[in-house]
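Shown below: query.txt, with compact mmCIF, C-alpha atoms.
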```
# COMPACT_ATOMS: atom_id res chain seq x y z
CA MET A 272 0.65 14.25 -10.90
CA GLY A 273 -0.54 12.46 -14.06
CA LEU A 274 1.50 9.58 -15.37
CA MET A 275 1.86 10.79 -18.91
CA GLY A 276 0.22 14.20 -18.48
CA HIS A 277 3.43 16.09 -17.70
CA ASP A 278 6.68 16.19 -19.52
CA ALA A 279 9.01 13.54 -18.19
CA PRO A 280 12.13 14.93 -16.51
CA THR A 281 15.32 14.92 -18.48
CA SER A 282 18.12 12.70 -17.26
CA ALA A 283 20.11 15.78 -16.14
CA SER A 284 17.21 17.13 -14.09
CA ALA A 285 16.50 13.65 -12.71
CA SER A 286 20.08 13.25 -11.52
CA ALA A 287 20.03 16.77 -10.06
CA ALA A 288 16.82 15.97 -8.20
CA ALA A 289 18.31 12.70 -6.96
CA SER A 290 21.42 14.43 -5.63
CA ALA A 291 19.30 17.14 -4.00
CA SER A 292 17.10 14.55 -2.31
CA ALA A 293 20.18 12.61 -1.16
CA SER A 294 21.31 15.63 0.84
CA THR A 295 18.12 15.65 2.93
CA SER A 296 17.66 13.34 5.87
CA PRO A 297 16.79 9.73 4.96
CA SER A 298 13.69 9.67 7.17
CA ALA A 299 12.27 12.71 5.36
CA GLN A 300 12.53 10.83 2.06
CA VAL A 301 10.40 7.87 3.13
CA THR A 302 6.63 8.10 2.75
CA ALA A 303 4.38 5.60 4.56
CA ASP A 304 0.73 4.62 4.58
CA ARG A 305 -1.04 7.01 6.96
CA GLY A 306 -3.82 4.57 7.85
CA TRP A 307 -1.57 1.62 8.74
CA ALA A 308 -1.37 2.26 12.50
CA ALA A 309 -5.15 2.54 12.80
CA GLU A 310 -5.58 -0.73 10.90
CA VAL A 311 -3.09 -2.46 13.22
CA ARG A 312 -5.03 -1.20 16.25
CA THR A 313 -8.25 -2.52 14.71
CA ALA A 314 -6.65 -5.94 14.09
CA VAL A 315 -5.37 -6.08 17.70
CA PHE A 316 -8.78 -5.04 19.03
CA CYS A 317 -10.59 -7.72 16.99
CA ALA A 318 -8.17 -10.44 18.10
CA CYS A 319 -8.38 -9.40 21.77
CA ALA A 320 -12.18 -9.07 21.59
CA LEU A 321 -12.48 -12.58 20.18
CA PHE A 322 -10.18 -13.95 22.87
CA GLY A 323 -12.09 -12.16 25.64
CA LEU A 324 -15.46 -13.22 24.30
CA VAL A 325 -14.64 -16.91 23.97
CA MET A 326 -12.98 -16.88 27.41
CA VAL A 327 -16.13 -15.41 28.98
CA ILE A 328 -18.39 -17.88 27.16
CA ASP A 329 -16.13 -20.83 28.00
CA GLY A 330 -15.82 -19.69 31.63
CA ALA A 331 -19.59 -19.25 31.95
CA ALA A 332 -20.14 -22.73 30.55
CA GLY A 333 -17.65 -24.16 33.05
CA THR A 334 -15.48 -25.75 30.38
CA LEU A 335 -12.44 -23.48 30.64
CA THR A 336 -9.20 -25.47 30.83
CA ALA A 337 -5.57 -24.65 30.11
CA ALA A 338 -5.76 -26.49 26.79
CA ARG A 339 -8.82 -24.50 25.76
CA VAL A 340 -7.14 -21.22 26.76
CA GLY A 341 -4.24 -22.19 24.49
CA LEU A 342 -6.66 -23.07 21.69
CA TRP A 343 -8.48 -19.72 21.99
CA ALA A 344 -5.18 -17.84 22.19
CA GLY A 345 -4.00 -19.59 19.03
CA LEU A 346 -7.27 -18.82 17.26
CA SER A 347 -7.02 -15.16 18.27
CA ALA A 348 -3.41 -15.01 17.08
CA LEU A 349 -4.50 -16.54 13.76
CA LEU A 350 -7.22 -13.91 13.43
CA TYR A 351 -4.64 -11.19 14.07
CA GLY A 352 -2.37 -12.69 11.43
CA VAL A 353 -5.18 -12.62 8.88
CA LEU A 354 -6.23 -9.07 9.76
CA HIS A 355 -2.71 -7.60 10.07
CA PRO A 356 -2.40 -5.00 7.29
CA VAL A 357 0.59 -4.76 5.00
CA ARG A 358 2.69 -1.65 5.43
CA VAL A 359 3.40 0.25 2.22
CA THR A 360 6.34 2.65 2.17
CA ALA A 361 8.03 4.48 -0.66
CA GLY A 362 11.11 6.54 -1.23
CA PRO A 363 12.88 8.03 -4.21
CA GLY A 364 12.84 5.26 -6.82
CA TRP A 365 11.37 2.43 -4.71
CA LEU A 366 8.14 1.13 -3.20
CA ALA A 367 8.04 -1.56 -0.51
CA VAL A 368 5.26 -3.74 0.91
CA ARG A 369 5.89 -5.36 4.29
CA GLY A 370 3.64 -8.01 5.77
CA LEU A 371 4.08 -10.11 8.90
CA GLY A 372 6.52 -12.53 7.32
CA ARG A 373 8.38 -10.72 4.58
CA ARG A 374 9.22 -7.50 2.83
CA ARG A 375 9.03 -7.08 -0.93
CA HIS A 376 10.03 -4.06 -2.95
CA VAL A 377 10.27 -2.80 -6.51
CA CYS A 378 12.38 -0.10 -8.09
CA THR A 379 9.73 2.23 -9.49
CA CYS A 380 12.08 3.78 -12.03
CA LEU A 381 12.73 0.26 -13.39
CA LEU A 382 9.08 -0.84 -13.66
CA THR A 383 8.36 -3.13 -16.60
CA ALA A 384 4.73 -4.09 -15.95
CA VAL A 385 1.75 -2.89 -13.96
CA ARG A 386 -1.33 -5.07 -13.71
CA TYR A 387 -4.64 -4.26 -12.07
CA ASP A 388 -6.39 -7.46 -11.00
CA GLU A 389 -10.04 -7.08 -10.13
CA GLY A 390 -11.64 -9.85 -8.20
CA VAL A 391 -12.96 -10.29 -4.69
CA ALA A 392 -10.24 -7.88 -3.60
CA ALA A 393 -8.64 -5.56 -6.16
CA ARG A 394 -4.85 -5.91 -6.39
CA LEU A 395 -2.23 -3.78 -8.11
CA VAL A 396 0.76 -5.86 -9.22
CA LEU A 397 4.05 -4.08 -9.95
CA CYS A 398 7.07 -5.79 -11.58
CA ASP A 399 10.49 -4.29 -12.20
CA SER A 400 13.37 -5.22 -14.50
CA LEU A 401 15.31 -6.77 -11.59
CA GLY A 402 12.68 -9.48 -11.20
CA ASN A 403 11.07 -7.96 -8.09
CA ARG A 404 7.30 -8.06 -7.73
CA VAL A 405 4.87 -6.55 -5.22
CA GLU A 406 1.11 -6.75 -4.80
CA LEU A 407 -0.95 -4.21 -2.92
CA ASP A 408 -4.46 -2.88 -2.55
CA PRO A 409 -4.76 0.11 -4.92
CA GLN A 410 -7.00 1.85 -2.37
CA ILE A 411 -3.87 2.39 -0.24
CA LEU A 412 -2.42 4.52 -3.03
CA VAL A 413 -5.69 6.41 -3.51
CA ASP A 414 -5.83 7.15 0.23
CA ASN A 415 -2.16 8.21 0.34
CA PRO A 416 -1.40 10.68 -2.45
CA LEU A 417 2.27 10.93 -1.47
CA LEU A 418 2.75 7.20 -2.02
CA LEU A 419 0.98 7.46 -5.36
CA HIS A 420 3.17 10.42 -6.30
CA ARG A 421 6.33 8.36 -5.59
CA LEU A 422 5.00 5.54 -7.76
CA ASP A 423 3.91 7.94 -10.50
CA THR A 424 7.30 9.69 -10.54
CA GLY A 425 9.16 6.41 -10.89
CA ALA A 426 6.71 5.13 -13.51
CA ARG A 427 7.21 8.26 -15.61
CA THR A 428 10.95 7.63 -15.53
CA ALA A 429 10.37 4.00 -16.55
CA CYS A 430 8.14 5.19 -19.43
CA GLU A 431 10.79 7.67 -20.53
CA THR A 432 13.47 4.99 -20.65
CA GLY A 433 11.14 2.55 -22.42
CA LEU A 434 11.09 -0.05 -19.63
CA LEU A 435 7.40 0.19 -18.74
CA ARG A 436 5.79 -1.92 -21.45
CA THR A 437 2.37 -2.66 -19.95
CA GLY A 438 0.22 -0.86 -17.46
CA ARG A 439 0.42 2.81 -18.42
CA ALA A 440 -3.36 3.01 -18.77
CA GLU A 441 -3.89 1.32 -15.38
CA LEU A 442 -1.63 3.84 -13.68
CA ARG A 443 -3.35 6.75 -15.43
CA ARG A 444 -6.74 5.45 -14.23
CA LEU A 445 -5.40 5.10 -10.68
CA VAL A 446 -4.03 8.66 -10.68
CA THR A 447 -7.33 9.96 -12.10
CA ARG A 448 -9.24 8.07 -9.40
CA ALA A 449 -7.00 9.51 -6.68
CA ASP A 450 -7.38 13.03 -8.06
CA GLY A 451 -11.17 12.60 -8.11
CA ALA A 452 -11.18 11.34 -4.53
CA ALA A 453 -9.05 14.29 -3.42
CA ALA A 454 -11.34 16.77 -5.19
CA GLU A 455 -14.40 15.16 -3.61
CA ALA A 456 -12.78 15.40 -0.16
CA VAL A 457 -12.10 19.11 -0.72
CA PHE A 458 -15.72 19.69 -1.76
CA GLU A 459 -17.03 17.82 1.29
CA ALA A 460 -14.70 19.70 3.65
CA SER A 461 -15.82 23.04 2.27
CA ASP A 462 -19.54 22.11 2.21
CA LEU A 463 -19.74 22.62 -1.56
CA ARG A 464 -21.15 19.19 -2.25
```
Will you turn the file into structure tokens for me?
Amino acid sequence: MGLMGHDAPTSASASAAASASASTSPSAQVTADRGWAAEVRTAVFCACALFGLVMVIDGAAGTLTAARVGLWAGLSALLYGVLHPVRVTAGPGWLAVRGLGRRRHVCTCLLTAVRYDEGVAARLVLCDSLGNRVELDPQILVDNPLLLHRLDTGARTACETGLLRTGRAELRRLVTRADGAAAEAVFEASDLR
């Protein structure tokens, strides 16, 4: 699964693989973040819990009015909007990030730059030659090896064609981190740790 660890596919084998994958059903080709639904449920629970809690407190204090119900509902909706996770999906040659308001995607086989921004929240920034740009939490890729494999496959193609100018080392580190996490999970599951 390594970015530069395996020989990159030749253009003939890449086109053969693309035609073979085109014959399978489109839904089988799309890989999605496995933890997204649980994160949405958590966001809904937090927003509903906040709404219920402030309604109980406001009702117990005797200050509950229609305007205050609207205020608390708006505050709870705002909390949900902040907590709503982005949905990361990938298919052959593309990776998409969908939030509440918009969907962004990159063509992974046309990647030109990969940047890993560390800060309060780590972000992986991907740019392609068509001018598309996406940002996502790299932990999503570590937790979802199939998504990382789609990205890695496209990045290897971009390296082979000479498009990927910056970010090879960042992708290698991410793949190594994901492989380490997978190995640790296997050791924990088999009580070898």
Choose the residue, out of A:Val391, A:Ala303, A:Leu342, A:Val353, that has the smallest atom-to-atom separation from Cys317 in chain A; count all atoms listed in the file. A:Val353
Grab the CA of Leu381 in chain A to CA of Cys430 in chain A distance for me, in Å with one decimal place. 9.0 Å
Separation of CA of Cys380 in chain A from CA of Gly451 in chain A, in Å and rounded to one decimal: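 Calculated distance between CA of Cys380 in chain A and CA of Gly451 in chain A is 25.2 Å.
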For Arg305 in chain A, work out the shell of residues within 12 Å, counting all atoms listed in the file and skipping chain neighbours fewer than 2 positions away, then give it as a PyMOL selection string. chain A and resi 302-303+307-311+358-360+411-418
Saved selection, atoms kept: C-alpha atoms, as a short mmCIF file (atom, residue, chain, number, x, y, z; two decimals), in the coordinates of the input:
```cif
data_model
loop_
_atom_site.label_atom_id
_atom_site.label_comp_id
_atom_site.auth_asym_id
_atom_site.auth_seq_id
_atom_site.Cartn_x
_atom_site.Cartn_y
_atom_site.Cartn_z
CA THR A 302 6.63 8.10 2.75
CA ALA A 303 4.38 5.60 4.56
CA TRP A 307 -1.57 1.62 8.74
CA ALA A 308 -1.37 2.26 12.50
CA ALA A 309 -5.15 2.54 12.80
CA GLU A 310 -5.58 -0.73 10.90
CA VAL A 311 -3.09 -2.46 13.22
CA ARG A 358 2.69 -1.65 5.43
CA VAL A 359 3.40 0.25 2.22
CA THR A 360 6.34 2.65 2.17
CA ILE A 411 -3.87 2.39 -0.24
CA LEU A 412 -2.42 4.52 -3.03
CA VAL A 413 -5.69 6.41 -3.51
CA ASP A 414 -5.83 7.15 0.23
CA ASN A 415 -2.16 8.21 0.34
CA PRO A 416 -1.40 10.68 -2.45
CA LEU A 417 2.27 10.93 -1.47
CA LEU A 418 2.75 7.20 -2.02
#
```
From the options A:Gly438, A:Leu346, A:Pro409, A:Cys378, which residue's atoms come nearest to Ala393 in chain A, counting only C-alpha atoms?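 Comparing A:Gly438, A:Leu346, A:Pro409, A:Cys378 against Ala393 in chain A, the winner is A:Pro409.
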Counting only C-alpha atoms, the residue of A:Cys398, A:Leu335, A:Ala460, A:Val385 that sits nearest Glu441 in chain A: A:Val385
Considering all atoms listed in the file, can you say which of A:Ala384, A:Val301, A:Ala367, A:Leu407 comes closest to Ala440 in chain A?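 Of A:Ala384, A:Val301, A:Ala367, A:Leu407, the one nearest Ala440 in chain A, counting all atoms listed in the file, is A:Ala384.
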Mind listing as a PyMOL selection string all residues within 9 Å of (5.4, -6.6, -6.0), counting all atoms listed in the file? chain A and resi 366-368+375-377+395-399+403-407
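Omitting Thr428 in chain A and its sequence neighbours fewer than 2 positions away, and counting all atoms listed in the file, the residues within 8 Å are Ala279, Pro280, Cys380, Leu381, Thr424, Gly425, Ala426, Cys430, Glu431 and Thr432 of chain A.
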Here CA of Arg439 in chain A and CA of Thr379 in chain A stand apart by 12.9 Å
Name the closest residue to Leu422 in chain A among the candidates A:Ala337, A:Leu371, A:Leu349, A:Val446; distances are taken between atoms, counting all atoms listed in the file.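 The answer is A:Val446, which sits nearest to Leu422 in chain A.
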Of the listed residues A:Thr336, A:Thr437, A:Gln300, A:Ser347, that which approaches Val315 in chain A most closely, counting only C-alpha atoms: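 Selected residue with least distance to Val315 in chain A: A:Ser347.
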Polymer residues at most 8 Å from Gly370 in chain A, only C-alpha atoms, same-chain spacing of 3 or more positions, as a ChimeraX atom specification: /A:355-358,373-374
Neighbours of range 318-324 of chain A within 9 Å (only C-alpha atoms; same-chain residues fewer than 3 positions away dropped), as a ChimeraX atom specification? /A:313-315,327-329,340,343-344,346-351,354
Range 437-448 of chain A rebuilt with all heavy atoms, output as a JSON list (two decimals), keeping the file's coordinate frame:
```json
[["chain", "number", "residue", "atom", "x", "y", "z"],
["A", 437, "THR", "N", 3.81, -2.48, -20.16],
["A", 437, "THR", "CA", 2.37, -2.66, -19.95],
["A", 437, "THR", "C", 1.95, -2.00, -18.65],
["A", 437, "THR", "O", 2.68, -2.03, -17.67],
["A", 437, "THR", "CB", 2.00, -4.16, -19.88],
["A", 437, "THR", "OG1", 2.67, -4.76, -18.78],
["A", 437, "THR", "CG2", 2.35, -4.89, -21.14],
["A", 438, "GLY", "N", 0.78, -1.41, -18.68],
["A", 438, "GLY", "CA", 0.22, -0.86, -17.46],
["A", 438, "GLY", "C", 0.14, 0.65, -17.39],
["A", 438, "GLY", "O", -0.28, 1.19, -16.38],
["A", 439, "ARG", "N", 0.51, 1.34, -18.45],
["A", 439, "ARG", "CA", 0.42, 2.81, -18.42],
["A", 439, "ARG", "C", -1.02, 3.27, -18.20],
["A", 439, "ARG", "O", -1.27, 4.18, -17.43],
["A", 439, "ARG", "CB", 0.98, 3.40, -19.71],
["A", 439, "ARG", "CG", 2.45, 3.19, -19.88],
["A", 439, "ARG", "CD", 2.93, 3.81, -21.18],
["A", 439, "ARG", "NE", 4.33, 3.48, -21.38],
["A", 439, "ARG", "CZ", 4.83, 3.01, -22.49],
["A", 439, "ARG", "NH1", 4.05, 2.82, -23.55],
["A", 439, "ARG", "NH2", 6.10, 2.74, -22.60],
["A", 440, "ALA", "N", -1.94, 2.62, -18.89],
["A", 440, "ALA", "CA", -3.36, 3.01, -18.77],
["A", 440, "ALA", "C", -3.87, 2.75, -17.35],
["A", 440, "ALA", "O", -4.63, 3.56, -16.80],
["A", 440, "ALA", "CB", -4.20, 2.25, -19.79],
["A", 441, "GLU", "N", -3.45, 1.63, -16.74],
["A", 441, "GLU", "CA", -3.89, 1.32, -15.38],
["A", 441, "GLU", "C", -3.40, 2.38, -14.40],
["A", 441, "GLU", "O", -4.14, 2.81, -13.52],
["A", 441, "GLU", "CB", -3.38, -0.06, -14.95],
["A", 441, "GLU", "CG", -4.11, -1.22, -15.58],
["A", 441, "GLU", "CD", -3.59, -1.58, -16.96],
["A", 441, "GLU", "OE1", -2.72, -0.87, -17.49],
["A", 441, "GLU", "OE2", -4.09, -2.57, -17.52],
["A", 442, "LEU", "N", -2.16, 2.80, -14.57],
["A", 442, "LEU", "CA", -1.63, 3.84, -13.68],
["A", 442, "LEU", "C", -2.34, 5.17, -13.90],
["A", 442, "LEU", "O", -2.63, 5.89, -12.94],
["A", 442, "LEU", "CB", -0.12, 3.99, -13.88],
["A", 442, "LEU", "CG", 0.73, 2.93, -13.21],
["A", 442, "LEU", "CD1", 2.19, 3.09, -13.59],
["A", 442, "LEU", "CD2", 0.58, 2.98, -11.71],
["A", 443, "ARG", "N", -2.62, 5.50, -15.15],
["A", 443, "ARG", "CA", -3.35, 6.75, -15.43],
["A", 443, "ARG", "C", -4.73, 6.72, -14.77],
["A", 443, "ARG", "O", -5.17, 7.71, -14.18],
["A", 443, "ARG", "CB", -3.49, 6.97, -16.93],
["A", 443, "ARG", "CG", -2.35, 7.75, -17.54],
["A", 443, "ARG", "CD", -2.72, 8.25, -18.92],
["A", 443, "ARG", "NE", -3.06, 7.15, -19.82],
["A", 443, "ARG", "CZ", -2.20, 6.54, -20.62],
["A", 443, "ARG", "NH1", -0.95, 6.89, -20.63],
["A", 443, "ARG", "NH2", -2.62, 5.56, -21.41],
["A", 444, "ARG", "N", -5.42, 5.58, -14.86],
["A", 444, "ARG", "CA", -6.74, 5.45, -14.23],
["A", 444, "ARG", "C", -6.64, 5.59, -12.72],
["A", 444, "ARG", "O", -7.49, 6.21, -12.08],
["A", 444, "ARG", "CB", -7.38, 4.13, -14.60],
["A", 444, "ARG", "CG", -8.07, 4.13, -15.93],
["A", 444, "ARG", "CD", -8.99, 2.94, -16.10],
["A", 444, "ARG", "NE", -8.30, 1.67, -16.07],
["A", 444, "ARG", "CZ", -7.81, 1.06, -17.14],
["A", 444, "ARG", "NH1", -7.94, 1.59, -18.33],
["A", 444, "ARG", "NH2", -7.20, -0.10, -17.02],
["A", 445, "LEU", "N", -5.59, 5.02, -12.13],
["A", 445, "LEU", "CA", -5.40, 5.10, -10.68],
["A", 445, "LEU", "C", -5.14, 6.55, -10.25],
["A", 445, "LEU", "O", -5.70, 7.02, -9.25],
["A", 445, "LEU", "CB", -4.26, 4.19, -10.25],
["A", 445, "LEU", "CG", -4.05, 4.03, -8.75],
["A", 445, "LEU", "CD1", -5.28, 3.41, -8.09],
["A", 445, "LEU", "CD2", -2.82, 3.16, -8.49],
["A", 446, "VAL", "N", -4.32, 7.26, -11.00],
["A", 446, "VAL", "CA", -4.03, 8.66, -10.68],
["A", 446, "VAL", "C", -5.30, 9.50, -10.83],
["A", 446, "VAL", "O", -5.60, 10.35, -9.98],
["A", 446, "VAL", "CB", -2.89, 9.19, -11.58],
["A", 446, "VAL", "CG1", -2.76, 10.70, -11.48],
["A", 446, "VAL", "CG2", -1.57, 8.53, -11.20],
["A", 447, "THR", "N", -6.07, 9.24, -11.88],
["A", 447, "THR", "CA", -7.33, 9.96, -12.10],
["A", 447, "THR", "C", -8.30, 9.69, -10.95],
["A", 447, "THR", "O", -8.95, 10.60, -10.45],
["A", 447, "THR", "CB", -7.96, 9.56, -13.44],
["A", 447, "THR", "OG1", -7.01, 9.85, -14.48],
["A", 447, "THR", "CG2", -9.24, 10.31, -13.70],
["A", 448, "ARG", "N", -8.37, 8.44, -10.53],
["A", 448, "ARG", "CA", -9.24, 8.07, -9.40],
["A", 448, "ARG", "C", -8.81, 8.78, -8.12],
["A", 448, "ARG", "O", -9.64, 9.28, -7.37],
["A", 448, "ARG", "CB", -9.21, 6.56, -9.22],
["A", 448, "ARG", "CG", -10.08, 6.04, -8.13],
["A", 448, "ARG", "CD", -10.07, 4.53, -8.15],
["A", 448, "ARG", "NE", -10.22, 4.01, -6.82],
["A", 448, "ARG", "CZ", -9.87, 2.80, -6.46],
["A", 448, "ARG", "NH1", -9.36, 1.96, -7.32],
["A", 448, "ARG", "NH2", -10.05, 2.40, -5.22]]
```
